[in-house]
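Peer 1: Here it is, the structure, as C-alpha cells.
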Amino acid sequence: MSFRQAHWDEPLLIEKRSAPDESVDLSGLVPAAIRRERLGIPNLSEHDVVRHFTRLSQMNFGIDTGFYPLGSCTMKFNPKFTEELAALPTVGRIHPDQDESTVQGALRLLYELQDILATIAGMDAVTLQPAAGAQGEYTGLLLAQAYHRDRGEERDEVILPDTAHGTNFASAGMLGFHIVEIPSKEGRVDLQALESAAGKKTLAFMLTNPNTLGIFEDHVLEIADVVHAAGGLLYYDGANFNAILGRTSPGKMNFDIVHFNLHKTFTTPHGGGGPGAGPVGVKKPLEPFLPVPTVQLNGRGYHLDYDRPKSIGKVRAWYGNFALLVRAYAYILRMGGNGLREVSDRAVLNANYVMHRLKGVLDVPFGGMRKHEFVASASRVAAKGVRTVDIAKRLMDFGYHPPTVYFPHLVEEALMIEPTETETKETLDGFVEVLTKIVDEDPAVLHDSPHNTSVKRVDEVRAAREPLLSWRMAKRAAGGS
Amino acid sequence: MPSEEDEMLHAMGLRNIDDLFTDIPTAVRIPKLDLPDGLPEDAVVSRVTSMLAANRTVVDMPTFLGGGLYDHFIPASVRAITSRSEFYTSYTPYQPELSQGMLQALWEYQSLVCELTCMDGANTSMYDGSTALGEAARIAHRILSDDVCGVYVENPNFFGRFEEQLEDIRRLTKAPFVVGVNPIAQAVVRPPGDFGADIVIGEGQPLGSHANFGGPLLGIFACRQEHIRKMPGRVIGLTRDAAGQRAFCMTLQTREQHIRREKAMSNICTNEALLAVAAASYLSVLGGNGLRRVASENIRRAKELASAIDRIEAFTAPLFNGAHFNEFVVRSQKPYASVHKSLLAKGVHGGLSLGRHLPELENAALFTTTGRHAPDAIERLLKALREVR
Ligand SMILES: Cc1ncc(COP(=O)(O)O)c(C=O)c1O
C-alpha cells in the first residue's frame, strides 16, 4: 500500500490577514489602572478558521486513518456511539457543584462504574478522580504512604523493575521517594534481586503484568509474597490491562493497588495526547485513604461522601474526567463480561501472530509467548547503518504509524508493537509484508525517509537547542519586536 | 472456510486461544469476568441516555454556578474542529512527520495563551487549573530556595473581584510570582506579564469546553523564557524539516518522565491536548474582538445582576466592593442553605454555597452569570430570591 499525506502550506493564524481591532468601552467596567488596551489575537473569518484547522487535521494521523501499533498505548478503535453519548447536554452542561438531587444520573453512572472497575480489577473500592495513568500512580503511591503511616510506619522506597514505564519513576520522584531499580532476568522480574531490594523501607513495588515486554510475569504470586513479607504493597500499573481481561485480575494476583488507563483498554480516544482517565482501585485495607469525595448510595439516592477522615484529600478538582468516564462505562456495557474477555483473546492472538510472522525479519529477544504486545529489536540491521528510527520513519511512507521506539530501554533498538484486537488479519499481514520489505531496502532510502508525509524528517535537535514555543518567541528570535 | 482466528492460530501451530494463555498460572486464573453479557449498541445508547436524563442541565434550570467552571456560549465550529477524527483519535505526537496538524494546532494554542498572558512560553496543557497550580508551586520551589518559595495571586480572585494590586504585590517580594487567571477576563485586564509574573496558570475550560461535571478540564500553564526548561508537561517547538521547511515537534523532552524518569519536572504524560485544540479554535473563531466583547459583556451583566440582587431587601451584593468579572458574593440574612433550597424548589439553581469552603461565609454564596443567561432566567432568579422566606 502506498500513502501520501496531505501537504498544505498552511500559514499560522497570526500570518493571516486580520480585520482591525475594534474598540470596546471598558469604562465603568474595568478600573483604568488594570484596563487592557490591546490583545494580540487576530480577527479572522469563521470560515477561514474552520478551513485552517481542517487542513491541519489532514496533516495528522489518527487511529481512524490507519494502523497505529504504538506499544503500551493501546491504540484501538474508538467506538463512535460513545462520542455521541459524551456529547449529550446531560454530560457536558452539568456543573460539578450542582445540588446532588439534580445530578442523580451522573452520580449513578459514577457509582456503577466504580463497581464495575472494582469487579474487573478484583479490587474492593475505586476512585474515579485521577485524570490519567500517571496521576493514578501518584494517587496510588500517596495511598500507600497513608496506609503505612496509619500503621505508624514511615517507608520511602519504591522498587521498580527496569522494564517500568517512565511515569512510574516520575510519580515516585515527584513524591520524593527513593527509587530502587532492579534488573530483569530473561525479561522477567529477578526474584533474587527483588528479595535483596525489599525491606523495612519498602513502600511499594510497582509492576505491570504483562510487563512492557509483553511477557507475563508468571511468578507473580512469589513476587507478591516477597513484597508483602517485607511489609510493602504491590502496585499494578494497569496500562497493560488489554491482555488479561477475564483471564486473571490484579486482585487475583495479590496486588493491593491498581490504576486503570481508561484511554487504553477502555478505549476512550487519546485526543492527540489527552484527555484520559486514570481511576485507582484498592483492596479493603486501603479504602479509608481514598480521595474525597467517593460516590455512595443510601436511602435518599446517590451522594458524594466527603466524610472520610483518613482520606488523602483531593488529587485534582472535582470528581474525575466525567465525559471520559461516560464513554468507558458505555463501552463496558456494550462489551459485557464475555465481550471483554474476547477483547483480550484477540489482542493476544494478534500480537503473537505478528511476532510469529516477524521472526526472521527482526530479532525478538526473550523466548516464549507474549500477551498483547511484544518488543522486537532492529539491531541486526545496524551493521548496514540502519537504525530503528529509520525503520519507524520509513513505515510512514506506507501509511502506518510506527510502533513505540527505544522503549523499554533494556532492549537495544527497540520496536514495541501492540496491534490490539480491533485489527484484522489482513491489516496485520499488510504490515508484516511492508516491514519485511523495508528491512531489505537500500539504507539510503531509509535514511531519507519519510518521503510521503506532510513534512520531511523533522529536526528535533534544533528545536531543543533554540526553543521557540510561541509567536512571541519566534518573532523575537527573528529579530522582530 | 476457517475463521481468520483459526488461520492465525494454525499458522502458529496452536489449537485454540487457550493455548495463548498457558503462561498464566492456574493459581491466578479467573474463569470469566463477573459482569453481565454485552448489549447491542442501540440498547446501550438508550440505557445510558435515559440514565443521564435524570440530570438537570443548566439548560433545564437557570444555574448561577461558576467558581472556576463556566457555561459560556461555544460556537458550533469548535466542536466541528475537535470532532475531526484525525485529531481526536491520534496519540501524543511523538512522530512529528505524521503529526504536523496536531503539532501546529497545539503550538498555536501555546502562542495564544502567551498572547493572553504576556508570557513567553506555554505548555500544551495540565490536567486542570488546580494541578497547574500545584505544579507551579513545585517549580517556584525549584527556581528559588529562599524562605518564601513563591507568591500566588489570582485575578480575578475566587470572589470574582479584580485584583488591582498586582504591581504592588510584585514589588513586595523577589520570590517567584505565580498568577492565576480566568482566560476570558484576560481579554480586558492587563496581563500578568505586565506585572512581572514568573508563571501564569489558570483553568482553561471557559475557552471552548463545557463544564462536563468537572472533567475533562484544561490546565493552563505559561511562564517567562528563563523558566521554560523547568516547565512541566508536553511542549511544542518550532523548527525545520530536512528540506528546510517550517515544521513543529515536541521539544525540551529531557524535562519529561520518559527521558528524565525520577528527575523529571513532572510525571504528566497523558494531558488534555484536545481541550487545548478546542481553546485554540474558540479563540480564533471569536478573535481578539469577539473575546473582548464576551469579557466586557460578562462584566456588564454580572454588575447588573449584582445591583438587582442588592435591591432585594434580604440580600447584599456584591458583598465585597470593587470591580468584578462575572461572579460576586451575595450575602443573605439567613444561612445560604435555606436560600438554596428555596430557589431549587422554584427550579432555579443558585450560586456556590461558600459555607463549606469558608465557615465565616455561611450566609453567603458566589453567584455567576455569563452572557448565556436569557432575560427570563435572570427574572426567574430575582423573583425566586424575592420570594425566599
Ligand atoms: C506502562 C504505562 N504506564 C503508565 C503510563 C502513563 O499513563 P498516562 O499517559 O495515562 O499518564 C503509560 C502511558 O503511556 C504506560 O504505557
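By convention here, the chains of the C-alpha cells are called A, B, ... in the order presented, each chain's residues are numbered starting at 1, and ligands are numbered starting at 1 in the order presented.
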Neighbours of Glu421 (chain A) within 6 Å (only C-alpha atoms; same-chain residues fewer than 2 positions away dropped), as a ChimeraX atom specification?

Peer 2: /A:343,346-347,423

Peer 1: Show me which residues are within 8 Å of ligand 1 counting only C-alpha atoms and all ligand atoms, and format the list as a ChimeraX atom specification.

Peer 2: /A:71-73,131-137,164-168,208,211-212,237-240,261,263,276-278 /B:267-271

Peer 1: For the residues in that selection, give me N, CA, C and O atoms as a compact mmCIF listing (two decimals), in the first residue's frame.

Peer 2:
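Written output follows (out-v1.txt):
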```txt
# COMPACT_ATOMS: atom_id res chain seq x y z
N GLY A 71 3.08 0.49 20.85
CA GLY A 71 3.11 -0.36 22.03
C GLY A 71 2.89 0.42 23.32
O GLY A 71 3.34 1.55 23.46
N SER A 72 2.18 -0.22 24.24
CA SER A 72 1.88 0.33 25.56
C SER A 72 0.74 1.36 25.50
O SER A 72 0.13 1.66 26.51
N CYS A 73 0.46 1.90 24.32
CA CYS A 73 -0.53 2.97 24.23
C CYS A 73 -1.91 2.46 23.85
O CYS A 73 -2.90 3.18 23.97
N ALA A 131 -6.85 12.00 36.62
CA ALA A 131 -7.10 12.43 35.24
C ALA A 131 -6.38 11.56 34.22
O ALA A 131 -6.70 11.62 33.04
N ALA A 132 -5.39 10.80 34.65
CA ALA A 132 -4.63 9.97 33.71
C ALA A 132 -3.88 8.92 34.50
O ALA A 132 -3.87 8.94 35.74
N GLY A 133 -3.23 8.02 33.76
CA GLY A 133 -2.50 6.95 34.42
C GLY A 133 -1.45 7.47 35.39
O GLY A 133 -1.35 7.00 36.52
N ALA A 134 -0.69 8.46 34.95
CA ALA A 134 0.38 8.97 35.81
C ALA A 134 -0.21 9.56 37.09
O ALA A 134 0.36 9.41 38.17
N GLN A 135 -1.35 10.22 36.98
CA GLN A 135 -1.95 10.77 38.20
C GLN A 135 -2.51 9.64 39.07
O GLN A 135 -2.54 9.75 40.29
N GLY A 136 -2.92 8.57 38.41
CA GLY A 136 -3.34 7.38 39.15
C GLY A 136 -2.18 6.81 39.96
O GLY A 136 -2.33 6.46 41.13
N GLU A 137 -1.00 6.77 39.35
CA GLU A 137 0.19 6.27 40.06
C GLU A 137 0.50 7.15 41.28
O GLU A 137 0.78 6.65 42.37
N ALA A 164 9.97 -0.85 33.75
CA ALA A 164 8.87 0.05 34.12
C ALA A 164 8.79 1.28 33.21
O ALA A 164 9.79 1.74 32.67
N HIS A 165 7.60 1.78 33.09
CA HIS A 165 7.34 2.99 32.30
C HIS A 165 7.90 4.21 33.02
O HIS A 165 7.92 4.25 34.26
N GLY A 166 8.30 5.23 32.25
CA GLY A 166 8.88 6.44 32.82
C GLY A 166 8.02 7.11 33.87
O GLY A 166 8.53 7.69 34.83
N THR A 167 6.70 7.03 33.71
CA THR A 167 5.83 7.70 34.69
C THR A 167 5.95 7.06 36.06
O THR A 167 5.75 7.73 37.07
N ASN A 168 6.24 5.75 36.12
CA ASN A 168 6.39 5.11 37.43
C ASN A 168 7.52 5.77 38.21
O ASN A 168 7.39 6.10 39.39
N THR A 208 3.81 -3.76 36.02
CA THR A 208 2.69 -4.01 35.13
C THR A 208 2.82 -5.45 34.67
O THR A 208 3.93 -5.94 34.45
N ASN A 211 4.38 -7.40 31.55
CA ASN A 211 5.27 -6.24 31.63
C ASN A 211 5.40 -5.57 30.27
O ASN A 211 4.75 -5.96 29.31
N THR A 212 6.24 -4.56 30.21
CA THR A 212 6.29 -3.78 28.97
C THR A 212 6.96 -4.54 27.82
O THR A 212 6.97 -4.05 26.70
N ASP A 237 0.37 -1.34 37.62
CA ASP A 237 0.23 -0.33 36.55
C ASP A 237 -0.70 -0.93 35.50
O ASP A 237 -0.33 -1.87 34.79
N GLY A 238 -1.90 -0.40 35.42
CA GLY A 238 -2.94 -1.02 34.59
C GLY A 238 -2.89 -0.69 33.12
O GLY A 238 -3.84 -0.99 32.39
N ALA A 239 -1.78 -0.10 32.67
CA ALA A 239 -1.71 0.26 31.25
C ALA A 239 -1.81 -0.97 30.35
O ALA A 239 -2.20 -0.86 29.19
N ASN A 240 -1.48 -2.13 30.89
CA ASN A 240 -1.49 -3.32 30.06
C ASN A 240 -2.67 -4.25 30.32
O ASN A 240 -2.61 -5.45 30.09
N ASN A 261 -5.94 2.79 32.83
CA ASN A 261 -5.89 3.85 31.83
C ASN A 261 -7.14 3.65 30.98
O ASN A 261 -7.14 2.82 30.08
N HIS A 263 -8.24 5.36 28.79
CA HIS A 263 -7.97 5.74 27.41
C HIS A 263 -7.19 4.66 26.68
O HIS A 263 -6.84 4.84 25.53
N GLY A 276 -7.48 11.77 29.19
CA GLY A 276 -7.69 10.37 29.52
C GLY A 276 -8.41 10.28 30.84
O GLY A 276 -9.08 11.23 31.25
N ALA A 277 -8.28 9.15 31.49
CA ALA A 277 -8.81 9.00 32.83
C ALA A 277 -8.05 7.86 33.50
O ALA A 277 -7.79 6.84 32.85
N GLY A 278 -7.69 8.04 34.76
CA GLY A 278 -6.84 7.06 35.45
C GLY A 278 -7.36 6.62 36.80
O GLY A 278 -6.68 6.78 37.81
N ASN B 267 5.39 14.25 36.41
CA ASN B 267 5.12 12.90 35.90
C ASN B 267 4.08 12.92 34.78
O ASN B 267 3.74 11.88 34.25
N ILE B 268 3.58 14.08 34.43
CA ILE B 268 2.46 14.12 33.48
C ILE B 268 2.87 13.54 32.12
O ILE B 268 3.95 13.82 31.61
N CYS B 269 2.01 12.73 31.57
CA CYS B 269 2.24 12.07 30.29
C CYS B 269 0.99 12.36 29.46
O CYS B 269 0.94 13.33 28.71
N THR B 270 -0.08 11.59 29.62
CA THR B 270 -1.36 11.94 29.01
C THR B 270 -1.84 13.25 29.62
O THR B 270 -1.81 13.42 30.84
N ASN B 271 -2.24 14.19 28.75
CA ASN B 271 -2.65 15.50 29.26
C ASN B 271 -4.06 15.83 28.77
O ASN B 271 -4.90 14.93 28.71
```

Peer 1: Could you list, as a ChimeraX atom specification, every residue within 12 Å of Tyr111 (chain A), counting only C-alpha atoms and ignoring same-chain residues fewer than 5 positions away?

Peer 2: /A:104-106,116-118,125-128,293-298,301-305,319,322,325-326,329

Peer 1: Could you turn the residues from that selection into a file that holds N, CA and C atoms, as a JSON list (two decimals), in the first residue's frame?

Peer 2:
```json
[["chain", "number", "residue", "atom", "x", "y", "z"],
["A", 104, "GLN", "N", -28.45, 13.19, 39.72],
["A", 104, "GLN", "CA", -28.54, 11.78, 40.12],
["A", 104, "GLN", "C", -28.09, 10.83, 39.00],
["A", 105, "GLY", "N", -28.34, 11.22, 37.76],
["A", 105, "GLY", "CA", -27.92, 10.37, 36.64],
["A", 105, "GLY", "C", -26.41, 10.24, 36.59],
["A", 106, "ALA", "N", -25.73, 11.38, 36.74],
["A", 106, "ALA", "CA", -24.27, 11.38, 36.68],
["A", 106, "ALA", "C", -23.69, 10.59, 37.85],
["A", 116, "ILE", "N", -18.05, -1.54, 38.67],
["A", 116, "ILE", "CA", -17.64, -2.36, 37.53],
["A", 116, "ILE", "C", -16.13, -2.47, 37.48],
["A", 117, "LEU", "N", -15.46, -1.35, 37.67],
["A", 117, "LEU", "CA", -13.99, -1.37, 37.60],
["A", 117, "LEU", "C", -13.42, -2.20, 38.74],
["A", 118, "ALA", "N", -14.06, -2.11, 39.91],
["A", 118, "ALA", "CA", -13.60, -2.92, 41.04],
["A", 118, "ALA", "C", -13.72, -4.40, 40.68],
["A", 125, "ALA", "N", -12.54, -1.31, 46.22],
["A", 125, "ALA", "CA", -13.07, 0.06, 46.10],
["A", 125, "ALA", "C", -12.28, 0.80, 45.04],
["A", 126, "VAL", "N", -12.94, 1.80, 44.44],
["A", 126, "VAL", "CA", -12.33, 2.52, 43.32],
["A", 126, "VAL", "C", -12.58, 4.02, 43.46],
["A", 127, "THR", "N", -11.57, 4.82, 43.14],
["A", 127, "THR", "CA", -11.79, 6.26, 42.97],
["A", 127, "THR", "C", -11.65, 6.59, 41.49],
["A", 128, "LEU", "N", -12.54, 7.46, 41.01],
["A", 128, "LEU", "CA", -12.51, 7.80, 39.59],
["A", 128, "LEU", "C", -11.80, 9.13, 39.35],
["A", 293, "PRO", "N", -14.32, 13.39, 47.04],
["A", 293, "PRO", "CA", -15.35, 12.54, 47.62],
["A", 293, "PRO", "C", -15.40, 11.20, 46.88],
["A", 294, "THR", "N", -15.98, 10.20, 47.54],
["A", 294, "THR", "CA", -16.35, 8.99, 46.80],
["A", 294, "THR", "C", -17.85, 9.06, 46.57],
["A", 295, "VAL", "N", -18.34, 8.28, 45.65],
["A", 295, "VAL", "CA", -19.77, 8.30, 45.36],
["A", 295, "VAL", "C", -20.42, 7.13, 46.09],
["A", 296, "GLN", "N", -21.47, 7.43, 46.84],
["A", 296, "GLN", "CA", -22.14, 6.40, 47.64],
["A", 296, "GLN", "C", -23.63, 6.41, 47.36],
["A", 297, "LEU", "N", -24.27, 5.35, 47.76],
["A", 297, "LEU", "CA", -25.73, 5.23, 47.60],
["A", 297, "LEU", "C", -26.34, 4.99, 48.96],
["A", 298, "ASN", "N", -27.37, 5.78, 49.28],
["A", 298, "ASN", "CA", -28.12, 5.46, 50.50],
["A", 298, "ASN", "C", -29.61, 5.60, 50.21],
["A", 301, "GLY", "N", -30.68, 8.28, 47.79],
["A", 301, "GLY", "CA", -30.13, 8.34, 46.44],
["A", 301, "GLY", "C", -28.61, 8.34, 46.46],
["A", 302, "TYR", "N", -28.05, 8.77, 45.34],
["A", 302, "TYR", "CA", -26.60, 8.79, 45.20],
["A", 302, "TYR", "C", -26.07, 10.08, 45.80],
["A", 303, "HIS", "N", -24.95, 9.99, 46.46],
["A", 303, "HIS", "CA", -24.39, 11.21, 47.03],
["A", 303, "HIS", "C", -22.88, 11.16, 47.11],
["A", 304, "LEU", "N", -22.30, 12.34, 47.31],
["A", 304, "LEU", "CA", -20.85, 12.47, 47.38],
["A", 304, "LEU", "C", -20.44, 12.44, 48.84],
["A", 305, "ASP", "N", -19.56, 11.52, 49.16],
["A", 305, "ASP", "CA", -19.16, 11.34, 50.55],
["A", 305, "ASP", "C", -17.83, 12.04, 50.83],
["A", 319, "TYR", "N", -14.43, 15.47, 40.39],
["A", 319, "TYR", "CA", -14.60, 14.01, 40.57],
["A", 319, "TYR", "C", -13.93, 13.15, 39.53],
["A", 322, "PHE", "N", -15.21, 13.22, 33.79],
["A", 322, "PHE", "CA", -16.54, 12.63, 33.66],
["A", 322, "PHE", "C", -16.88, 12.21, 32.23],
["A", 325, "LEU", "N", -15.36, 9.09, 31.52],
["A", 325, "LEU", "CA", -15.92, 8.01, 32.33],
["A", 325, "LEU", "C", -17.22, 7.52, 31.70],
["A", 326, "VAL", "N", -17.99, 8.44, 31.12],
["A", 326, "VAL", "CA", -19.23, 8.06, 30.44],
["A", 326, "VAL", "C", -18.90, 7.15, 29.25],
["A", 329, "TYR", "N", -17.82, 3.69, 30.51],
["A", 329, "TYR", "CA", -18.97, 2.98, 31.06],
["A", 329, "TYR", "C", -19.80, 2.37, 29.93]]
```

Peer 1: Region 315-332 of chain B: which residues within 7 Å, counting only C-alpha atoms, same-chain residues fewer than 6 positions away excluded, as a CSV table (one decimal) with N, CA and C atoms, in the first residue's frame?

Peer 2:
```csv
chain,number,residue,atom,x,y,z
A,29,LEU,N,-16.3,49.5,33.8
A,29,LEU,CA,-16.3,48.0,33.9
A,29,LEU,C,-15.0,47.5,34.5
A,30,VAL,N,-13.9,48.0,34.0
A,30,VAL,CA,-12.6,47.6,34.4
A,30,VAL,C,-11.8,48.9,34.9
A,31,PRO,N,-11.3,48.9,36.1
A,31,PRO,CA,-10.6,50.0,36.6
A,31,PRO,C,-9.4,50.4,35.7
B,156,PRO,N,-9.3,37.5,38.1
B,156,PRO,CA,-10.0,37.8,39.3
B,156,PRO,C,-9.8,36.8,40.3
B,159,PHE,N,-13.5,35.3,44.7
B,159,PHE,CA,-14.8,36.0,44.8
B,159,PHE,C,-15.2,36.9,43.6
B,160,GLY,N,-14.5,36.7,42.5
B,160,GLY,CA,-14.8,37.3,41.3
B,160,GLY,C,-14.3,38.7,41.2
B,161,ARG,N,-13.6,39.2,42.2
B,161,ARG,CA,-13.2,40.6,42.2
B,161,ARG,C,-11.9,40.7,41.5
B,162,PHE,N,-11.7,41.8,40.7
B,162,PHE,CA,-10.5,42.0,40.1
B,162,PHE,C,-9.4,42.4,41.1
B,185,ALA,N,-11.3,36.7,31.1
B,185,ALA,CA,-11.1,38.0,31.7
B,185,ALA,C,-9.8,38.7,31.2
B,298,ASN,N,-19.7,40.0,30.0
B,298,ASN,CA,-19.8,39.3,31.3
B,298,ASN,C,-19.7,40.2,32.4
B,299,ILE,N,-18.8,41.2,32.3
B,299,ILE,CA,-18.7,42.1,33.4
B,299,ILE,C,-20.0,43.0,33.6
B,302,ALA,N,-22.9,40.8,35.0
B,302,ALA,CA,-22.7,40.5,36.4
B,302,ALA,C,-23.0,41.7,37.3
B,306,ALA,N,-25.8,41.9,40.1
B,306,ALA,CA,-25.5,42.2,41.5
B,306,ALA,C,-26.3,43.3,42.0
B,307,SER,N,-26.5,44.4,41.2
B,307,SER,CA,-27.3,45.5,41.7
B,307,SER,C,-28.7,45.1,41.8
B,309,ILE,N,-29.9,42.1,42.6
B,309,ILE,CA,-30.0,41.3,43.8
B,309,ILE,C,-29.9,42.2,45.0
B,363,ASN,N,-23.5,32.5,55.4
B,363,ASN,CA,-24.7,33.1,54.8
B,363,ASN,C,-24.5,33.6,53.4
B,364,ALA,N,-23.4,33.2,52.8
B,364,ALA,CA,-23.1,33.7,51.5
B,364,ALA,C,-22.9,32.7,50.4
B,365,ALA,N,-23.0,33.2,49.2
B,365,ALA,CA,-22.8,32.3,48.0
B,365,ALA,C,-22.2,33.1,46.9
B,366,LEU,N,-21.5,32.4,46.1
B,366,LEU,CA,-20.8,33.0,44.9
B,366,LEU,C,-21.8,32.8,43.7
B,367,PHE,N,-22.3,33.9,43.2
B,367,PHE,CA,-23.2,33.9,42.1
B,367,PHE,C,-22.5,34.3,40.8
B,368,THR,N,-22.7,33.5,39.7
B,368,THR,CA,-22.1,33.8,38.5
B,368,THR,C,-23.1,34.0,37.4
B,369,THR,N,-22.8,34.9,36.5
B,369,THR,CA,-23.5,34.9,35.2
B,369,THR,C,-22.6,35.1,34.1
B,370,THR,N,-22.9,34.5,33.0
B,370,THR,CA,-22.1,34.7,31.8
B,370,THR,C,-23.0,35.3,30.8
```

Peer 1: Compare B:Ser284, B:Ser296, B:Gln104, B:Thr89 by their minimum atom-to-atom distance to Trp8 (chain A), counting only C-alpha atoms, and give me the closest one.

Peer 2: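 Of the candidates, the smallest distance to Trp8 (chain A) is held by B:Gln104.
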
Peer 1: Which of region 316-362 of chain A end up as alpha helix (DSSP H) when DSSP is run on this backbone - answer as a count of residues only?

Peer 2: 37

Peer 1: Which neighbours of Glu226 (chain B) fall inside 12 Å, counting only C-alpha atoms, when residues of the same chain fewer than 5 positions from it are skipped, and could you give them as a list in words?

Peer 2: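 Using only C-alpha atoms, the neighbours found are Pro467 and Met473 of chain A; Met119, Asp120, Gly121, Ile143, Pro176, Ala197, Asp198, Ile199 and Met231 of chain B.
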
Peer 1: Given only C-alpha atoms as the basis, pick out the residue of A:Pro279, A:Ser249, A:Asp448, A:Ala392 nearest to Asp115 (chain A).

Peer 2: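 For Asp115 (chain A), the nearest of the candidates is A:Pro279.
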
Peer 1: What's the 12 Å shell around Glu84 (chain A), counting only C-alpha atoms, without same-chain residues fewer than 4 positions away, as a list in words?

Peer 2: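 These residues fall inside the cut-off: Asn78, Pro79, Lys80, Leu88, Pro89, Thr90, Val91, Gly92, Ala323, Leu324, Val326, Arg327 and Ala330 of chain A; Glu41, Asp42, Val44, Val45, Ser46, Val48, Thr49 and Ser83 of chain B.
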
Peer 1: Please compute the CA of Val28 (chain B)-CA of Val282 (chain A) distance, one decimal, in Å.

Peer 2: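 Going from CA of Val28 (chain B) over to CA of Val282 (chain A) covers 17.7 Å.
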
Peer 1: Name the closest residue to Ser184 (chain A) among the candidates A:Lys456, A:Leu410, A:Arg370, A:Ala86; distances are taken between atoms, counting only C-alpha atoms.

Peer 2: A:Leu410

Peer 1: Of the candidates B:Ile17, B:Leu305, B:Leu33, B:Cys114, which one gets nearest to Asn338 (chain A) if we count only C-alpha atoms?

Peer 2: B:Leu33

Peer 1: When you count only C-alpha atoms, which of these residues is closest to Asp345 (chain A): B:Leu217, B:Asn16, B:Glu7, B:Tyr127?

Peer 2: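 Of all the options, B:Asn16 lies closest to Asp345 (chain A).
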
Peer 1: Write out as a PyMOL selection string the residues lying within 9 Å of Asp390 (chain A), counting only C-alpha atoms and excluding same-chain residues fewer than 3 positions away.

Peer 2: chain A and resi 386-387+393-395+443+446-450

Peer 1: To test your reading of the structure, identify every residue in region 236-390 of chain A that backbone DSSP assigns to strand (DSSP E or B), and report it as an MDAnalysis selection string.

Peer 2: chainID A and resid 236:238 248 257:260 280:282 294:298 301:305 359 362:363 374:377

Peer 1: Limited to C-alpha atoms, could you put the picked residues into a file as a PDB file, in the first residue's frame?

Peer 2:
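Printed below is out.pdb as written:
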```pdb
ATOM      1  CA  TYR A 236      -0.358  -2.680  39.485  1.00  0.00           C
ATOM      2  CA  ASP A 237       0.230  -0.333  36.555  1.00  0.00           C
ATOM      3  CA  GLY A 238      -2.939  -1.022  34.594  1.00  0.00           C
ATOM      4  CA  THR A 248      -6.796 -13.024  35.522  1.00  0.00           C
ATOM      5  CA  ILE A 257      -3.438  -1.020  44.359  1.00  0.00           C
ATOM      6  CA  VAL A 258      -4.251  -0.672  40.667  1.00  0.00           C
ATOM      7  CA  HIS A 259      -4.607   2.187  38.265  1.00  0.00           C
ATOM      8  CA  PHE A 260      -6.535   1.948  35.019  1.00  0.00           C
ATOM      9  CA  VAL A 280      -7.490   3.750  41.014  1.00  0.00           C
ATOM     10  CA  GLY A 281      -8.708   0.580  42.693  1.00  0.00           C
ATOM     11  CA  VAL A 282      -7.611  -0.709  46.083  1.00  0.00           C
ATOM     12  CA  THR A 294     -16.347   8.992  46.804  1.00  0.00           C
ATOM     13  CA  VAL A 295     -19.774   8.296  45.364  1.00  0.00           C
ATOM     14  CA  GLN A 296     -22.139   6.396  47.637  1.00  0.00           C
ATOM     15  CA  LEU A 297     -25.727   5.232  47.599  1.00  0.00           C
ATOM     16  CA  ASN A 298     -28.117   5.463  50.500  1.00  0.00           C
ATOM     17  CA  GLY A 301     -30.126   8.339  46.442  1.00  0.00           C
ATOM     18  CA  TYR A 302     -26.600   8.791  45.196  1.00  0.00           C
ATOM     19  CA  HIS A 303     -24.395  11.213  47.035  1.00  0.00           C
ATOM     20  CA  LEU A 304     -20.853  12.471  47.383  1.00  0.00           C
ATOM     21  CA  ASP A 305     -19.161  11.344  50.553  1.00  0.00           C
ATOM     22  CA  LYS A 359      10.694 -13.668  13.474  1.00  0.00           C
ATOM     23  CA  LEU A 362      13.709  -8.671  13.150  1.00  0.00           C
ATOM     24  CA  ASP A 363      15.087 -10.107  16.355  1.00  0.00           C
ATOM     25  CA  PHE A 374       5.941  -7.642  22.016  1.00  0.00           C
ATOM     26  CA  VAL A 375       9.256  -5.892  21.637  1.00  0.00           C
ATOM     27  CA  ALA A 376      11.447  -6.512  18.597  1.00  0.00           C
ATOM     28  CA  SER A 377      14.947  -5.241  18.029  1.00  0.00           C
TER      29      SER A 377
END
```
